[in-house]
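Here is the structure we will look at.
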Amino acid sequence: MSSRALPVRPPQRLTVDPFVSIIGDIADKGWCVVDDFVSVKWAAGLREEQRQQSRGGAFRCAGVGRRDEYQLDAQTRGDRILWLDRGNALPAQQRYLTMLEELRQAVNRDLFLGLHTLEMHAANYPPGGFYRRHLDGFRNDNRRILTVILYLNPRWHASDGGALRLFLDAHPEGDFVDVPPESGRLVTFLSEGFHHEVRETRRLRSSITGWFSCRPLQ
Ligand code: OGA
Ligand code: MN
């Protein structure tokens, strides 16, 4: 099979409840792109908070693991991240955490996915940054079920690079969609169902990535 870039669905009308779109698409195909998940003003607030945190030195090079694995991580991804929770989130981020809690409950109610815990980080990819093809696997022994990514970059152009490439089947040469990280856009997908990568960006690329996991086994 040869690689084929599929078009991303055009932006939806604002009257469509984004939760309804997400739940429907996750049930049908396992992934979803919705635009205007947060308002322009809210996205600007999130972007500004992230800028403040970054200026204050709160972001760290992404990549966990033992020292001897660190070099490998640096070759895999080039973003800088800040883990966010109720303890350190700024006001617009707190509001976003609340929105994701509502999404968690709606998804559990309609799809019985058993989403329990949210891990979330802000991410900044500097120009030249990327994240090689991967699956969102495990962290802290929690099984990740649903990945939720919100982008914060207004007026993103194709020439800026930095698309999220979502591979629609496990075959390396299979179909994929490229999703530009435009401000207010939310991408959700089943964490273990889709390989994905961040194409090299030519411009600062900001996002907030969350993973919902089921309850730990013990
Ligand atoms: C990740 C990831 C994709 C993106 O952080 O695991 O795949 O588009 N991010 O930022
Ligand atoms: Mn990922």
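By order of appearance in the structure tokens: chains A, B, ..., then residues from 1 within every chain, and ligands from 1 in the order shown.
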
Practice problem: Would you mind listing what lies within 7 Å of A:Ile23 as a ChimeraX atom specification, with only C-alpha atoms counted and same-chain residues fewer than 4 positions away left out? | Solution: /A:19,27,107

Can I get the selected residues back with N, CA, C and O atoms, as a tab-separated table (two decimals), in the first residue's frame?
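Final file, again_9.tsv:
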```tsv
chain	number	residue	atom	x	y	z
A	19	PHE	N	-18.51	17.88	22.19
A	19	PHE	CA	-18.51	16.59	22.89
A	19	PHE	C	-19.24	15.53	22.05
A	19	PHE	O	-18.83	14.38	22.00
A	27	ALA	N	-16.27	6.65	18.61
A	27	ALA	CA	-17.01	5.38	18.46
A	27	ALA	C	-16.89	4.85	17.04
A	27	ALA	O	-16.71	3.65	16.83
A	107	VAL	N	-17.66	11.07	27.94
A	107	VAL	CA	-17.16	9.90	27.20
A	107	VAL	C	-17.48	8.62	27.98
A	107	VAL	O	-17.91	7.61	27.41
```

Exercise. Considering only C-alpha atoms, return as a list in words whatever protein or nucleic-acid residues lie within 10 Å of A:Val40, sequence-local ones (same chain, fewer than 6 positions apart) excluded.
Key: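 What passes the distance filter is Leu46, Leu152, Pro154, Ser183 and Gly184 of chain A.
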
Exercise. Give the answer as one residue: which of A:Cys32, A:Ala158, A:Ala58, A:Leu115 has the shortest atom-to-atom distance to A:Phe194, using only C-alpha atoms?
Key: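 Going through A:Cys32, A:Ala158, A:Ala58, A:Leu115 one by one, the smallest distance to A:Phe194 is for A:Cys32.
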
Exercise. Please give the complete set of residues from stretch 29-69 of chain A that DSSP, run on the backbone, assigns to strand (DSSP E), formatted as a PyMOL selection string.
Key: chain A and resi 31-34+60-61

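Our summary of the geometry notes that atom CA of A:Ile208 is positioned 10.6 Å from atom CA of A:Val187.
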
Got a sec to check which residues lie within 10 Å of ligand 2, using only C-alpha atoms and all ligand atoms, and send them as a PDB file with N, CA, C and O atoms, in the first residue's frame?
```pdb
ATOM      1  N   TYR A 131       8.656  15.186  16.756  1.00  0.00           N
ATOM      2  CA  TYR A 131       8.505  14.011  17.620  1.00  0.00           C
ATOM      3  C   TYR A 131       8.303  12.843  16.670  1.00  0.00           C
ATOM      4  O   TYR A 131       7.317  12.806  15.943  1.00  0.00           O
ATOM      5  N   ARG A 132       9.263  11.917  16.689  1.00  0.00           N
ATOM      6  CA  ARG A 132       9.232  10.785  15.764  1.00  0.00           C
ATOM      7  C   ARG A 132       7.997   9.902  15.987  1.00  0.00           C
ATOM      8  O   ARG A 132       7.413   9.903  17.064  1.00  0.00           O
ATOM      9  N   ARG A 133       7.700   9.121  14.982  1.00  0.00           N
ATOM     10  CA  ARG A 133       6.544   8.221  15.017  1.00  0.00           C
ATOM     11  C   ARG A 133       6.552   7.362  16.285  1.00  0.00           C
ATOM     12  O   ARG A 133       7.572   6.758  16.627  1.00  0.00           O
ATOM     13  N   HIS A 134       5.425   7.317  16.965  1.00  0.00           N
ATOM     14  CA  HIS A 134       5.329   6.539  18.213  1.00  0.00           C
ATOM     15  C   HIS A 134       3.871   6.221  18.520  1.00  0.00           C
ATOM     16  O   HIS A 134       2.961   6.755  17.882  1.00  0.00           O
ATOM     17  N   LEU A 135       3.703   5.378  19.520  1.00  0.00           N
ATOM     18  CA  LEU A 135       2.386   5.118  20.106  1.00  0.00           C
ATOM     19  C   LEU A 135       2.416   5.696  21.510  1.00  0.00           C
ATOM     20  O   LEU A 135       3.451   5.642  22.175  1.00  0.00           O
ATOM     21  N   ASP A 136       1.311   6.249  21.988  1.00  0.00           N
ATOM     22  CA  ASP A 136       1.268   6.737  23.369  1.00  0.00           C
ATOM     23  C   ASP A 136       1.026   5.528  24.268  1.00  0.00           C
ATOM     24  O   ASP A 136      -0.086   5.016  24.309  1.00  0.00           O
ATOM     25  N   GLY A 137       2.061   5.098  24.945  1.00  0.00           N
ATOM     26  CA  GLY A 137       1.939   3.845  25.676  1.00  0.00           C
ATOM     27  C   GLY A 137       1.603   4.032  27.132  1.00  0.00           C
ATOM     28  O   GLY A 137       0.585   4.610  27.487  1.00  0.00           O
ATOM     29  N   THR A 147      -6.016   9.954  24.056  1.00  0.00           N
ATOM     30  CA  THR A 147      -5.107  11.098  23.934  1.00  0.00           C
ATOM     31  C   THR A 147      -5.915  12.314  23.476  1.00  0.00           C
ATOM     32  O   THR A 147      -6.766  12.183  22.588  1.00  0.00           O
ATOM     33  N   VAL A 148      -5.651  13.451  24.088  1.00  0.00           N
ATOM     34  CA  VAL A 148      -6.410  14.680  23.810  1.00  0.00           C
ATOM     35  C   VAL A 148      -5.406  15.828  23.651  1.00  0.00           C
ATOM     36  O   VAL A 148      -4.703  16.161  24.603  1.00  0.00           O
ATOM     37  N   ILE A 149      -5.317  16.396  22.458  1.00  0.00           N
ATOM     38  CA  ILE A 149      -4.323  17.445  22.209  1.00  0.00           C
ATOM     39  C   ILE A 149      -5.017  18.726  21.761  1.00  0.00           C
ATOM     40  O   ILE A 149      -5.790  18.718  20.799  1.00  0.00           O
ATOM     41  N   LEU A 164       0.604  17.390  12.980  1.00  0.00           N
ATOM     42  CA  LEU A 164       0.478  16.076  13.607  1.00  0.00           C
ATOM     43  C   LEU A 164       0.134  15.098  12.482  1.00  0.00           C
ATOM     44  O   LEU A 164      -0.871  15.290  11.781  1.00  0.00           O
ATOM     45  N   LEU A 166      -1.161  11.548  11.755  1.00  0.00           N
ATOM     46  CA  LEU A 166      -1.842  10.442  12.428  1.00  0.00           C
ATOM     47  C   LEU A 166      -1.973   9.304  11.421  1.00  0.00           C
ATOM     48  O   LEU A 166      -2.617   9.461  10.376  1.00  0.00           O
ATOM     49  N   SER A 191      -5.415   6.008  22.380  1.00  0.00           N
ATOM     50  CA  SER A 191      -3.964   6.143  22.550  1.00  0.00           C
ATOM     51  C   SER A 191      -3.188   4.972  21.966  1.00  0.00           C
ATOM     52  O   SER A 191      -2.087   5.152  21.449  1.00  0.00           O
ATOM     53  N   GLU A 192      -3.730   3.766  22.083  1.00  0.00           N
ATOM     54  CA  GLU A 192      -2.975   2.610  21.622  1.00  0.00           C
ATOM     55  C   GLU A 192      -3.344   2.231  20.197  1.00  0.00           C
ATOM     56  O   GLU A 192      -2.815   1.266  19.656  1.00  0.00           O
ATOM     57  N   PHE A 194      -3.306   4.339  17.344  1.00  0.00           N
ATOM     58  CA  PHE A 194      -2.786   5.123  16.226  1.00  0.00           C
ATOM     59  C   PHE A 194      -1.342   5.554  16.447  1.00  0.00           C
ATOM     60  O   PHE A 194      -1.048   6.320  17.376  1.00  0.00           O
ATOM     61  N   HIS A 195      -0.445   5.072  15.573  1.00  0.00           N
ATOM     62  CA  HIS A 195       0.887   5.656  15.539  1.00  0.00           C
ATOM     63  C   HIS A 195       0.744   7.107  15.070  1.00  0.00           C
ATOM     64  O   HIS A 195      -0.152   7.416  14.281  1.00  0.00           O
ATOM     65  N   HIS A 196       1.631   7.947  15.544  1.00  0.00           N
ATOM     66  CA  HIS A 196       1.575   9.342  15.118  1.00  0.00           C
ATOM     67  C   HIS A 196       2.941   9.979  15.299  1.00  0.00           C
ATOM     68  O   HIS A 196       3.807   9.435  15.992  1.00  0.00           O
ATOM     69  N   GLU A 197       3.124  11.115  14.667  1.00  0.00           N
ATOM     70  CA  GLU A 197       4.383  11.846  14.794  1.00  0.00           C
ATOM     71  C   GLU A 197       4.101  13.330  14.636  1.00  0.00           C
ATOM     72  O   GLU A 197       3.065  13.725  14.084  1.00  0.00           O
ATOM     73  N   VAL A 198       5.024  14.144  15.126  1.00  0.00           N
ATOM     74  CA  VAL A 198       4.972  15.585  14.879  1.00  0.00           C
ATOM     75  C   VAL A 198       6.026  15.882  13.826  1.00  0.00           C
ATOM     76  O   VAL A 198       7.220  15.614  14.031  1.00  0.00           O
ATOM     77  N   THR A 209      -1.176  18.642  25.843  1.00  0.00           N
ATOM     78  CA  THR A 209      -1.500  17.241  25.562  1.00  0.00           C
ATOM     79  C   THR A 209      -1.937  16.552  26.845  1.00  0.00           C
ATOM     80  O   THR A 209      -1.270  16.689  27.878  1.00  0.00           O
ATOM     81  N   GLY A 210      -3.036  15.817  26.747  1.00  0.00           N
ATOM     82  CA  GLY A 210      -3.529  15.067  27.897  1.00  0.00           C
ATOM     83  C   GLY A 210      -3.747  13.610  27.532  1.00  0.00           C
ATOM     84  O   GLY A 210      -3.974  13.273  26.369  1.00  0.00           O
ATOM     85  N   TRP A 211      -3.642  12.754  28.547  1.00  0.00           N
ATOM     86  CA  TRP A 211      -3.933  11.340  28.358  1.00  0.00           C
ATOM     87  C   TRP A 211      -4.858  10.889  29.492  1.00  0.00           C
ATOM     88  O   TRP A 211      -4.526  11.054  30.663  1.00  0.00           O
TER      89      TRP A 211
END
```

Within stretch 22-78 of chain A, find each residue whose DSSP state, derived from the backbone, is alpha helix (DSSP H), and express the selection as a PDB file with N, CA and C atoms, in the first residue's frame.
```pdb
ATOM      1  N   ILE A  22     -16.955  14.452  19.237  1.00  0.00           N
ATOM      2  CA  ILE A  22     -15.845  13.619  19.716  1.00  0.00           C
ATOM      3  C   ILE A  22     -16.354  12.211  20.023  1.00  0.00           C
ATOM      4  N   ILE A  23     -17.445  12.128  20.754  1.00  0.00           N
ATOM      5  CA  ILE A  23     -17.965  10.810  21.143  1.00  0.00           C
ATOM      6  C   ILE A  23     -18.367  10.009  19.899  1.00  0.00           C
ATOM      7  N   GLY A  24     -19.009  10.677  18.942  1.00  0.00           N
ATOM      8  CA  GLY A  24     -19.426   9.986  17.710  1.00  0.00           C
ATOM      9  C   GLY A  24     -18.233   9.496  16.909  1.00  0.00           C
ATOM     10  N   ASP A  25     -17.241  10.354  16.733  1.00  0.00           N
ATOM     11  CA  ASP A  25     -16.069   9.980  15.925  1.00  0.00           C
ATOM     12  C   ASP A  25     -15.219   8.913  16.612  1.00  0.00           C
ATOM     13  N   ILE A  26     -15.049   9.036  17.927  1.00  0.00           N
ATOM     14  CA  ILE A  26     -14.258   8.010  18.631  1.00  0.00           C
ATOM     15  C   ILE A  26     -14.952   6.658  18.496  1.00  0.00           C
ATOM     16  N   ALA A  27     -16.270   6.647  18.614  1.00  0.00           N
ATOM     17  CA  ALA A  27     -17.013   5.382  18.464  1.00  0.00           C
ATOM     18  C   ALA A  27     -16.885   4.846  17.040  1.00  0.00           C
ATOM     19  N   ASP A  28     -16.946   5.734  16.038  1.00  0.00           N
ATOM     20  CA  ASP A  28     -16.955   5.287  14.633  1.00  0.00           C
ATOM     21  C   ASP A  28     -15.582   4.890  14.125  1.00  0.00           C
ATOM     22  N   VAL A  40     -11.410  31.895  20.937  1.00  0.00           N
ATOM     23  CA  VAL A  40     -10.186  32.603  20.549  1.00  0.00           C
ATOM     24  C   VAL A  40      -9.549  33.263  21.782  1.00  0.00           C
ATOM     25  N   LYS A  41     -10.404  33.851  22.623  1.00  0.00           N
ATOM     26  CA  LYS A  41      -9.905  34.549  23.806  1.00  0.00           C
ATOM     27  C   LYS A  41      -9.273  33.570  24.816  1.00  0.00           C
ATOM     28  N   TRP A  42      -9.946  32.463  24.990  1.00  0.00           N
ATOM     29  CA  TRP A  42      -9.454  31.435  25.925  1.00  0.00           C
ATOM     30  C   TRP A  42      -8.118  30.875  25.425  1.00  0.00           C
ATOM     31  N   ALA A  43      -8.046  30.601  24.121  1.00  0.00           N
ATOM     32  CA  ALA A  43      -6.788  30.089  23.550  1.00  0.00           C
ATOM     33  C   ALA A  43      -5.669  31.107  23.754  1.00  0.00           C
ATOM     34  N   ALA A  44      -6.001  32.402  23.586  1.00  0.00           N
ATOM     35  CA  ALA A  44      -4.982  33.446  23.784  1.00  0.00           C
ATOM     36  C   ALA A  44      -4.506  33.439  25.240  1.00  0.00           C
ATOM     37  N   GLY A  45      -5.447  33.240  26.166  1.00  0.00           N
ATOM     38  CA  GLY A  45      -5.094  33.169  27.588  1.00  0.00           C
ATOM     39  C   GLY A  45      -4.194  31.966  27.872  1.00  0.00           C
ATOM     40  N   LEU A  46      -4.522  30.837  27.283  1.00  0.00           N
ATOM     41  CA  LEU A  46      -3.712  29.628  27.479  1.00  0.00           C
ATOM     42  C   LEU A  46      -2.296  29.833  26.918  1.00  0.00           C
ATOM     43  N   ARG A  47      -2.249  30.483  25.762  1.00  0.00           N
ATOM     44  CA  ARG A  47      -0.961  30.732  25.127  1.00  0.00           C
ATOM     45  C   ARG A  47      -0.118  31.664  25.997  1.00  0.00           C
ATOM     46  N   GLU A  48      -0.750  32.701  26.530  1.00  0.00           N
ATOM     47  CA  GLU A  48      -0.037  33.670  27.352  1.00  0.00           C
ATOM     48  C   GLU A  48       0.458  33.018  28.650  1.00  0.00           C
ATOM     49  N   GLU A  49      -0.377  32.186  29.253  1.00  0.00           N
ATOM     50  CA  GLU A  49       0.056  31.497  30.478  1.00  0.00           C
ATOM     51  C   GLU A  49       1.267  30.606  30.197  1.00  0.00           C
ATOM     52  N   GLN A  50       1.202  29.935  29.065  1.00  0.00           N
ATOM     53  CA  GLN A  50       2.303  29.036  28.706  1.00  0.00           C
ATOM     54  C   GLN A  50       3.596  29.830  28.460  1.00  0.00           C
ATOM     55  N   ARG A  51       3.406  31.015  27.869  1.00  0.00           N
ATOM     56  CA  ARG A  51       4.566  31.880  27.625  1.00  0.00           C
ATOM     57  C   ARG A  51       5.192  32.320  28.960  1.00  0.00           C
ATOM     58  N   GLN A  52       4.323  32.721  29.888  1.00  0.00           N
ATOM     59  CA  GLN A  52       4.821  33.129  31.222  1.00  0.00           C
ATOM     60  C   GLN A  52       5.576  31.994  31.898  1.00  0.00           C
ATOM     61  N   GLN A  53       4.996  30.799  31.865  1.00  0.00           N
ATOM     62  CA  GLN A  53       5.626  29.655  32.537  1.00  0.00           C
ATOM     63  C   GLN A  53       6.960  29.331  31.875  1.00  0.00           C
ATOM     64  N   SER A  54       6.987  29.474  30.564  1.00  0.00           N
ATOM     65  CA  SER A  54       8.215  29.182  29.837  1.00  0.00           C
ATOM     66  C   SER A  54       9.297  30.216  30.177  1.00  0.00           C
ATOM     67  N   ARG A  55       8.897  31.496  30.179  1.00  0.00           N
ATOM     68  CA  ARG A  55       9.854  32.563  30.542  1.00  0.00           C
ATOM     69  C   ARG A  55      10.377  32.381  31.955  1.00  0.00           C
ATOM     70  N   ARG A  67      19.368   7.810  32.647  1.00  0.00           N
ATOM     71  CA  ARG A  67      20.355   8.685  32.011  1.00  0.00           C
ATOM     72  C   ARG A  67      20.826   8.154  30.656  1.00  0.00           C
ATOM     73  N   ASP A  68      21.082   6.860  30.592  1.00  0.00           N
ATOM     74  CA  ASP A  68      21.650   6.316  29.357  1.00  0.00           C
ATOM     75  C   ASP A  68      20.615   6.262  28.231  1.00  0.00           C
ATOM     76  N   GLU A  69      19.352   6.484  28.573  1.00  0.00           N
ATOM     77  CA  GLU A  69      18.332   6.505  27.527  1.00  0.00           C
ATOM     78  C   GLU A  69      18.057   7.933  27.059  1.00  0.00           C
ATOM     79  N   TYR A  70      18.628   8.883  27.780  1.00  0.00           N
ATOM     80  CA  TYR A  70      18.248  10.266  27.521  1.00  0.00           C
ATOM     81  C   TYR A  70      18.626  10.730  26.119  1.00  0.00           C
ATOM     82  N   GLN A  71      19.809  10.333  25.671  1.00  0.00           N
ATOM     83  CA  GLN A  71      20.270  10.731  24.354  1.00  0.00           C
ATOM     84  C   GLN A  71      19.287  10.251  23.277  1.00  0.00           C
ATOM     85  N   LEU A  72      18.842   9.017  23.453  1.00  0.00           N
ATOM     86  CA  LEU A  72      17.881   8.440  22.509  1.00  0.00           C
ATOM     87  C   LEU A  72      16.597   9.275  22.501  1.00  0.00           C
ATOM     88  N   ASP A  73      16.138   9.679  23.684  1.00  0.00           N
ATOM     89  CA  ASP A  73      14.940  10.519  23.754  1.00  0.00           C
ATOM     90  C   ASP A  73      15.132  11.820  22.989  1.00  0.00           C
ATOM     91  N   ALA A  74      16.302  12.411  23.135  1.00  0.00           N
ATOM     92  CA  ALA A  74      16.561  13.685  22.461  1.00  0.00           C
ATOM     93  C   ALA A  74      16.504  13.521  20.943  1.00  0.00           C
ATOM     94  N   GLN A  75      16.809  12.331  20.474  1.00  0.00           N
ATOM     95  CA  GLN A  75      16.713  12.088  19.024  1.00  0.00           C
ATOM     96  C   GLN A  75      15.293  11.767  18.602  1.00  0.00           C
ATOM     97  N   THR A  76      14.453  11.469  19.578  1.00  0.00           N
ATOM     98  CA  THR A  76      13.079  11.087  19.273  1.00  0.00           C
ATOM     99  C   THR A  76      12.153  12.293  19.290  1.00  0.00           C
TER     100      THR A  76
END
```

Quiz item: For A:Gly162, which of A:Asp175, A:Asp110, A:Glu200, A:Asp85 is the closest residue, counting only C-alpha atoms?
Solution: A:Glu200

Quiz item: Which one of A:Phe189, A:Phe59, A:Phe37, A:Tyr96 sits closest to ligand 1 if you count only C-alpha atoms and all ligand atoms?
Solution: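 Answer, going by the shortest atom-to-atom distance: A:Phe189.
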
Quiz prompt | d(atom CA of A:Asp178, atom CA of A:Cys61) in Å | solution =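 Atom CA of A:Asp178 sits 24.8 Å away from atom CA of A:Cys61.
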
Practice problem: Can you work out which one of A:Leu204, A:Ala62, A:Cys214, A:Leu186 has the shortest atom-to-atom distance to A:Arg104, counting only C-alpha atoms? | Solution: A:Cys214
